[in-house]
file query.txt (compact mmCIF, C-alpha atoms)
# COMPACT_ATOMS: atom_id res chain seq x y z
CA MET A 359 111.74 124.64 111.14
CA ILE A 360 108.48 124.80 109.15
CA PRO A 361 106.50 128.00 109.87
CA VAL A 362 103.38 127.18 111.86
CA GLY A 363 101.18 129.31 109.64
CA ILE A 364 102.04 127.21 106.60
CA LEU A 365 101.12 124.01 108.41
CA THR A 366 97.82 125.40 109.61
CA ALA A 367 96.80 126.89 106.29
CA ALA A 368 97.67 123.77 104.34
CA ALA A 369 95.87 121.47 106.70
CA THR A 370 92.58 123.29 107.27
CA SER A 371 91.45 124.06 103.73
CA SER A 372 88.39 121.97 102.79
CA PHE A 373 88.80 119.86 105.94
CA SER A 374 86.78 116.64 106.04
CA PHE A 375 86.64 114.34 109.08
CA LEU A 376 87.52 110.84 107.89
CA LEU A 377 85.62 108.97 110.61
CA ASP A 378 82.52 111.10 110.18
CA GLN A 379 82.38 109.95 106.57
CA TYR A 380 83.50 106.37 107.25
CA PRO A 381 82.67 105.49 110.89
CA GLY A 382 83.20 102.27 112.78
CA ALA A 383 86.99 102.14 113.09
CA ALA A 384 88.39 99.79 115.72
CA ALA A 385 91.36 102.12 116.27
CA ALA A 386 92.50 105.39 114.70
CA TYR A 387 95.75 107.31 115.22
CA SER A 388 96.57 110.56 113.46
CA LEU A 389 98.09 114.03 113.77
CA ARG A 390 94.92 115.46 112.25
CA LYS A 391 91.51 115.24 113.88
CA LEU A 392 89.63 112.28 112.43
CA ARG A 393 86.25 112.59 114.15
CA SER A 394 84.36 115.82 114.85
CA ALA A 395 83.06 114.49 118.18
CA TYR A 396 86.56 113.60 119.43
CA THR A 397 87.56 115.89 122.31
CA GLY A 398 90.87 114.33 123.39
CA ALA A 399 94.49 115.08 122.54
CA ALA A 400 96.45 113.79 119.57
CA ILE A 401 99.62 112.73 121.40
CA ARG A 402 101.38 112.83 124.75
CA ILE A 403 105.00 113.89 124.58
CA THR A 404 107.97 114.06 126.91
CA SER A 405 110.69 116.68 126.38
CA THR A 406 114.37 116.05 126.96
CA GLY A 407 114.52 119.39 128.75
CA ILE A 408 115.38 119.80 132.43
CA GLY A 409 113.13 117.53 134.46
CA SER A 410 111.84 115.75 131.33
CA PRO A 411 108.41 117.40 131.46
CA SER A 412 105.43 115.75 129.75
CA THR A 413 102.22 117.16 128.31
CA ASP A 414 99.32 116.33 126.01
CA ILE A 415 99.23 118.08 122.63
CA GLY A 416 95.81 118.57 121.11
CA PHE A 417 94.44 120.16 117.95
CA VAL A 418 93.97 123.69 116.63
CA ASN A 419 91.71 124.03 113.59
CA ASN A 420 91.59 120.22 113.45
CA VAL A 421 95.36 119.79 113.03
CA LEU A 422 98.10 119.19 115.58
CA ASP A 423 98.79 122.22 117.77
CA VAL A 424 102.39 122.67 116.68
CA THR A 425 102.64 126.11 118.32
CA THR A 426 102.10 124.66 121.79
CA LEU A 427 104.30 121.68 120.93
CA GLN A 428 107.26 123.76 119.78
CA THR A 429 106.94 126.25 122.63
CA PHE A 430 106.91 123.44 125.19
CA VAL A 431 109.90 121.60 123.71
CA GLY A 432 112.05 124.51 122.53
CA ALA A 433 115.46 123.36 121.27
CA ASN A 434 115.11 119.95 122.94
CA THR A 435 113.84 116.62 121.59
CA ALA A 436 110.29 115.37 122.12
CA VAL A 437 109.40 111.68 122.26
CA VAL A 438 105.82 110.47 121.74
CA THR A 439 104.94 108.30 124.73
CA THR A 440 101.26 107.96 123.75
CA TRP A 441 99.48 108.22 120.41
CA TYR A 442 95.81 108.57 121.33
CA ASP A 443 93.11 106.46 119.71
CA GLN A 444 90.47 108.73 118.16
CA SER A 445 88.00 105.93 117.38
CA GLY A 446 86.28 106.18 120.76
CA ASN A 447 87.52 102.74 121.85
CA GLY A 448 90.36 104.04 124.02
CA ASN A 449 92.98 101.74 122.52
CA ASN A 450 95.93 104.11 122.80
CA ALA A 451 99.40 103.21 121.50
CA THR A 452 102.12 103.68 124.12
CA ASN A 453 105.71 102.90 125.07
CA ILE A 454 108.20 103.75 127.79
CA SER A 455 111.43 102.79 125.99
CA ASN A 456 112.63 102.90 122.36
CA ILE A 457 110.14 105.73 121.82
CA PRO A 458 109.60 107.55 118.49
CA LYS A 459 110.14 111.30 118.19
CA ILE A 460 108.21 114.26 116.80
CA ILE A 461 110.83 116.96 117.46
CA ILE A 462 114.56 116.28 117.22
CA SER A 463 116.89 118.95 118.66
CA GLY A 464 114.24 121.62 118.15
CA VAL A 465 113.33 120.56 114.60
CA LEU A 466 109.72 119.51 114.01
CA GLN A 467 109.52 116.29 111.96
CA THR A 468 107.38 116.84 108.86
CA GLN A 469 106.28 115.21 105.67
CA ASN A 470 104.63 117.27 102.91
CA SER A 471 104.86 120.23 105.31
CA LEU A 472 102.72 118.42 107.91
CA PRO A 473 103.90 117.04 111.27
CA CYS A 474 104.74 113.34 111.51
CA ILE A 475 106.25 110.92 114.03
CA LYS A 476 109.72 109.57 113.23
CA PHE A 477 110.48 105.97 114.18
CA THR A 478 114.16 104.98 114.26
CA ASN A 479 114.29 101.39 115.47
CA GLU A 480 111.35 102.36 117.71
CA TRP A 481 107.71 101.42 118.24
CA LEU A 482 104.43 101.97 120.10
CA ASP A 483 102.26 99.15 121.49
CA PHE A 484 98.46 99.02 121.53
CA ILE A 485 96.84 98.73 124.96
CA THR A 486 94.72 95.92 123.49
CA PRO A 487 95.94 93.88 120.47
CA ILE A 488 93.86 94.45 117.34
CA GLY A 489 92.64 91.59 115.16
CA ALA A 490 92.28 88.75 114.68
CA VAL A 491 93.68 88.76 111.18
CA ASN A 492 91.81 85.65 110.07
CA THR A 493 88.58 87.65 110.24
CA ASN A 494 87.51 90.73 108.30
CA ILE A 495 90.01 93.54 108.83
CA SER A 496 90.98 96.66 106.85
CA ILE A 497 94.14 98.71 107.47
CA PHE A 498 95.02 102.16 106.11
CA MET A 499 98.53 103.33 107.03
CA THR A 500 99.96 106.67 105.85
CA ALA A 501 103.74 106.60 106.17
CA LYS A 502 107.15 106.90 104.53
CA GLY A 503 110.12 104.53 104.80
CA ASP A 504 113.57 105.97 105.49
CA SER A 505 115.51 103.50 103.34
CA ILE A 506 114.96 100.43 101.19
CA ALA A 507 117.71 98.73 103.19
CA THR A 508 115.95 98.98 106.57
CA PRO A 509 112.49 97.94 107.80
CA GLY A 510 109.93 100.51 106.70
CA PRO A 511 106.40 101.23 107.89
CA ILE A 512 105.21 98.16 109.80
CA LEU A 513 102.12 97.25 111.78
CA GLY A 514 102.89 93.96 113.47
CA ALA A 515 102.92 91.50 116.33
CA GLN A 516 105.59 90.25 118.70
CA GLY A 517 106.13 86.64 119.66
CA ALA A 518 104.91 83.54 117.86
CA PRO A 519 102.88 83.21 115.77
CA THR A 520 103.72 86.57 114.25
CA VAL A 521 101.98 88.83 111.77
CA PHE A 522 102.91 91.98 109.91
CA PHE A 523 101.57 94.46 107.41
CA GLY A 524 103.90 96.86 105.60
CA TYR A 525 107.43 96.13 104.45
CA PHE A 526 110.70 95.06 105.99
CA ALA A 527 114.17 94.20 104.79
CA ASN A 528 116.83 91.98 106.28
CA THR A 529 119.90 90.03 105.17
CA PHE A 530 117.85 86.95 104.32
CA SER A 531 115.02 88.30 102.19
CA ASP A 532 113.64 91.19 100.20
CA ILE A 533 110.06 91.20 101.40
CA ALA A 534 108.18 94.20 100.03
CA LEU A 535 104.59 95.20 100.82
CA GLY A 536 103.00 92.12 102.34
CA GLY A 537 101.83 90.19 105.37
CA GLY A 538 103.46 87.36 107.25
CA LEU A 539 101.87 84.75 109.49
CA ASN A 540 103.23 81.76 111.40
CA GLY A 541 106.70 82.18 109.91
CA THR A 542 105.44 82.26 106.32
CA TYR A 543 104.92 85.30 104.12
CA ASN A 544 102.08 86.42 101.93
CA PHE A 545 103.76 89.14 99.93
CA VAL A 546 103.34 91.06 96.74
CA THR A 547 106.82 90.81 95.34
CA THR A 548 110.48 90.53 96.23
CA THR A 549 111.28 93.26 93.70
CA PRO A 550 112.64 96.25 95.68
CA VAL A 551 110.77 98.75 93.46
CA TYR A 552 107.81 98.26 95.81
CA ARG A 553 110.00 98.83 98.85
CA ASN A 554 110.80 102.50 98.45
CA THR A 555 111.09 105.80 100.29
CA ASN A 556 107.93 107.44 98.90
CA PHE A 557 105.23 108.89 101.14
CA LEU A 558 102.40 106.37 100.60
CA ILE A 559 99.02 105.18 101.76
CA TYR A 560 99.52 101.47 102.50
CA ASN A 561 96.29 99.46 102.51
CA ALA A 562 95.41 95.86 103.30
CA ILE A 563 91.94 94.31 103.30
CA VAL A 564 91.29 90.79 104.55
CA ASN A 565 87.94 89.06 104.23
CA SER A 566 86.88 85.46 104.76
CA THR A 567 88.56 84.23 101.58
CA ASN A 568 91.13 86.72 100.27
CA TYR A 569 93.87 89.14 101.28
CA TYR A 570 94.27 92.27 99.12
CA LEU A 571 97.23 94.68 99.17
CA TYR A 572 97.48 98.23 97.81
CA GLN A 573 99.77 101.27 97.74
CA ASN A 574 97.76 104.47 97.21
CA ASN A 575 95.13 103.44 94.66
CA ASN A 576 97.36 100.82 93.05
CA THR A 577 96.41 97.16 93.36
CA PHE A 578 99.47 94.96 93.81
CA THR A 579 97.59 91.69 93.62
CA ASN A 580 94.04 90.69 92.88
CA SER A 581 94.00 88.36 95.86
CA ILE A 582 96.10 86.20 98.13
CA SER A 583 94.37 83.25 99.75
CA ALA A 584 93.36 83.98 103.33
CA ALA A 585 92.57 80.34 104.04
CA GLY A 586 95.68 79.74 106.15
CA LEU A 587 95.65 82.92 108.21
CA SER A 588 96.02 82.40 111.95
CA PRO A 589 94.05 84.31 114.63
CA THR A 590 97.14 86.37 115.46
CA SER A 591 96.39 90.01 116.33
CA PHE A 592 98.40 93.15 115.60
CA ASN A 593 99.88 94.65 118.76
CA SER A 594 102.46 97.23 117.65
CA ILE A 595 102.99 100.23 115.45
CA GLY A 596 106.53 100.07 114.13
CA ARG A 597 107.65 96.54 114.90
CA TYR A 598 107.22 92.95 113.81
CA PHE A 599 108.98 90.05 115.54
CA ASN A 600 112.61 91.30 115.89
CA TYR A 601 112.29 94.07 113.29
CA GLN A 602 111.60 97.73 114.12
CA SER A 603 110.62 100.52 111.74
CA TYR A 604 112.80 103.22 110.29
CA ALA A 605 110.00 105.40 108.99
CA LYS A 606 107.80 108.46 109.38
CA PHE A 607 104.20 107.77 110.37
CA SER A 608 101.33 110.23 109.96
CA GLU A 609 98.16 108.16 110.31
CA ILE A 610 96.88 104.62 110.94
CA VAL A 611 93.20 103.66 110.78
CA ILE A 612 92.08 100.08 111.40
CA TYR A 613 88.61 98.62 110.85
CA LYS A 614 87.60 95.17 112.04
CA SER A 615 85.46 94.87 108.94
CA ASP A 616 85.79 94.56 105.19
CA GLN A 617 85.98 98.14 103.89
CA THR A 618 86.26 97.21 100.20
CA ALA A 619 83.21 99.30 99.32
CA ASN A 620 84.68 102.35 101.10
CA ARG A 621 88.34 101.81 100.21
CA THR A 622 88.56 104.41 97.45
CA GLY A 623 86.68 106.99 99.50
CA ILE A 624 88.92 106.48 102.54
CA ILE A 625 92.07 106.75 100.44
CA ASN A 626 90.81 109.86 98.63
CA ASN A 627 89.97 111.55 101.94
CA THR A 628 93.48 110.79 103.21
CA ASN A 629 95.12 111.93 99.99
CA SER A 630 93.20 115.21 99.92
CA PHE A 631 94.71 116.07 103.29
CA TYR A 632 98.28 114.78 102.85
CA THR A 633 98.67 115.40 99.07
CA ILE A 634 100.41 112.09 98.39
CA PHE A 635 99.49 111.32 94.78
call {"tool": "encode", "arguments": {"input": "query.txt", "output": "structure tokens"}}
result
Amino acid sequence: MIPVGILTAAATSSFSFLLDQYPGAAAAYSLRKLRSAYTGAAIRITSTGIGSPSTDIGFVNNVLDVTTLQTFVGANTAVVTTWYDQSGNGNNATNISNIPKIIISGVLQTQNSLPCIKFTNEWLDFITPIGAVNTNISIFMTAKGDSIATPGPILGAQGAPTVFFGYFANTFSDIALGGGLNGTYNFVTTTPVYRNTNFLIYNAIVNSTNYYLYQNNNTFTNSISAAGLSPTSFNSIGRYFNYQSYAKFSEIVIYKSDQTANRTGIINNTNSFYTIF
């Protein structure tokens, strides 16, 4: 178990609220506080202890209150039934089955010594689907895949037509970082080097003409034509069509606008907190 003091000290030095610097997000989910005016909790959890008690877990010094979390759960497992939207739009991500976990048998899930949510064939659904993807949209997803042989961090839609951002793997293809619409795939490469188990900031920006993909500050393609994109909206964290994530998620911020001008600043703010690259 990671000592709470280490988490707090690492997370609060030179703290900068992402959404104060870059406002206007359509939805924002994180285990750090993203907006100084936000007064709600970070997550709602249910413990596997006697009676399966539930509680909201908020922030202390702008990071997840892991002391309260660990005291409440003890040696049990805690599933995250709600990941609260900090944007101010109230579009929380929830689920009542196949629910991701933040504590497993008393062990807090962490990445770079900071708490994260572990998805193992699990997902959370938005109250209101986010999109449409054929209009301006910018996605910043901070996450880590468990294996190159299983679907990794995915933001996606169920049903047809379908859409995804992130990466997945199956027996028929080696899709890496990319986006799929209407049964076709706009993807960076089929080379598995881009489908890895590193802790990364995944980024996609769609405008009226092009679709850009990045990992951290690395551009994987100058542009992919956005001309054929459907109006499909994202409706899930951790699943796309019949694929569910095996990954650790720390943060997802979605803008229904082209954030090209702010992209580097948003990524640098995220990196300064999570120490990814």
call {"tool": "closest_residue", "arguments": {"input": "query.txt", "among": "A:Ile624, A:Leu472, A:Leu427, A:Val421", "to": "Lys391 (chain A)", "atoms": "all atoms listed in the file"}}
result
A:Val421
call {"tool": "atom_distance", "arguments": {"input": "query.txt", "atom1": "CA of Ala399 (chain A)", "atom2": "CA of Leu422 (chain A)"}}
result
8.9 Å
call {"tool": "atom_distance", "arguments": {"input": "query.txt", "atom1": "CA of Gly524 (chain A)", "atom2": "CA of Ile461 (chain A)"}}
result
24.3 Å
call {"tool": "closest_residue", "arguments": {"input": "query.txt", "among": "A:Thr628, A:Thr493, A:Thr413, A:Asn565", "to": "Ser388 (chain A)", "atoms": "all atoms listed in the file"}}
result
A:Thr628
call {"tool": "atom_distance", "arguments": {"input": "query.txt", "atom1": "CA of Gly398 (chain A)", "atom2": "CA of Ala383 (chain A)"}}
result
16.4 Å
call {"tool": "build_atoms", "arguments": {"input": "query.txt", "residues": "region 487-509 of chain A", "atoms": "N, CA, C and O atoms", "output": "compact mmCIF listing (two decimals), in the frame of the given file"}}
result
# COMPACT_ATOMS: atom_id res chain seq x y z
N PRO A 487 95.64 94.32 121.84
CA PRO A 487 95.94 93.88 120.47
C PRO A 487 94.71 93.96 119.57
O PRO A 487 93.58 93.75 120.02
N ILE A 488 94.95 94.26 118.29
CA ILE A 488 93.86 94.45 117.34
C ILE A 488 93.86 93.31 116.34
O ILE A 488 94.87 92.99 115.74
N GLY A 489 92.75 92.71 116.11
CA GLY A 489 92.64 91.59 115.16
C GLY A 489 91.34 90.87 115.42
O GLY A 489 90.39 91.48 115.86
N ALA A 490 91.23 89.60 115.23
CA ALA A 490 92.28 88.75 114.68
C ALA A 490 92.33 88.85 113.16
O ALA A 490 91.33 89.17 112.52
N VAL A 491 93.50 88.54 112.60
CA VAL A 491 93.68 88.76 111.18
C VAL A 491 93.04 87.70 110.31
O VAL A 491 93.03 87.83 109.08
N ASN A 492 92.51 86.63 110.88
CA ASN A 492 91.81 85.65 110.07
C ASN A 492 90.33 85.98 109.95
O ASN A 492 89.55 85.19 109.44
N THR A 493 89.94 87.15 110.43
CA THR A 493 88.58 87.65 110.24
C THR A 493 88.66 88.93 109.41
O THR A 493 89.74 89.40 109.07
N ASN A 494 87.52 89.51 109.09
CA ASN A 494 87.51 90.73 108.30
C ASN A 494 88.29 91.84 109.00
O ASN A 494 88.04 92.16 110.16
N ILE A 495 89.24 92.42 108.29
CA ILE A 495 90.01 93.54 108.83
C ILE A 495 90.51 94.40 107.67
O ILE A 495 90.83 93.88 106.59
N SER A 496 90.52 95.72 107.88
CA SER A 496 90.98 96.66 106.85
C SER A 496 91.92 97.65 107.51
O SER A 496 91.60 98.23 108.55
N ILE A 497 93.10 97.85 106.90
CA ILE A 497 94.14 98.71 107.47
C ILE A 497 94.51 99.79 106.46
O ILE A 497 94.73 99.50 105.28
N PHE A 498 94.58 101.04 106.94
CA PHE A 498 95.02 102.16 106.11
C PHE A 498 96.14 102.86 106.88
O PHE A 498 95.91 103.41 107.95
N MET A 499 97.35 102.82 106.34
CA MET A 499 98.53 103.33 107.03
C MET A 499 99.22 104.36 106.14
O MET A 499 99.63 104.04 105.02
N THR A 500 99.34 105.58 106.61
CA THR A 500 99.96 106.67 105.85
C THR A 500 101.36 106.90 106.42
O THR A 500 101.50 107.33 107.57
N ALA A 501 102.38 106.61 105.62
CA ALA A 501 103.74 106.60 106.17
C ALA A 501 104.77 106.64 105.05
O ALA A 501 104.45 106.52 103.87
N LYS A 502 106.04 106.79 105.47
CA LYS A 502 107.15 106.90 104.53
C LYS A 502 108.36 106.16 105.10
O LYS A 502 108.79 106.44 106.22
N GLY A 503 108.91 105.22 104.36
CA GLY A 503 110.12 104.53 104.80
C GLY A 503 111.35 105.39 104.66
O GLY A 503 111.44 106.22 103.75
N ASP A 504 112.32 105.20 105.54
CA ASP A 504 113.57 105.97 105.49
C ASP A 504 114.52 105.45 104.42
O ASP A 504 115.26 106.21 103.81
N SER A 505 114.52 104.12 104.23
CA SER A 505 115.51 103.50 103.34
C SER A 505 114.99 102.16 102.87
O SER A 505 114.26 101.48 103.60
N ILE A 506 115.37 101.75 101.65
CA ILE A 506 114.96 100.43 101.19
C ILE A 506 115.79 99.34 101.84
O ILE A 506 115.48 98.15 101.70
N ALA A 507 116.84 99.72 102.56
CA ALA A 507 117.71 98.73 103.19
C ALA A 507 117.35 98.46 104.65
O ALA A 507 117.97 97.62 105.30
N THR A 508 116.35 99.17 105.18
CA THR A 508 115.95 98.98 106.57
C THR A 508 114.44 98.74 106.62
O THR A 508 113.71 99.10 105.68
N PRO A 509 113.93 98.12 107.69
CA PRO A 509 112.49 97.94 107.80
C PRO A 509 111.75 99.27 107.69
O PRO A 509 112.14 100.26 108.31
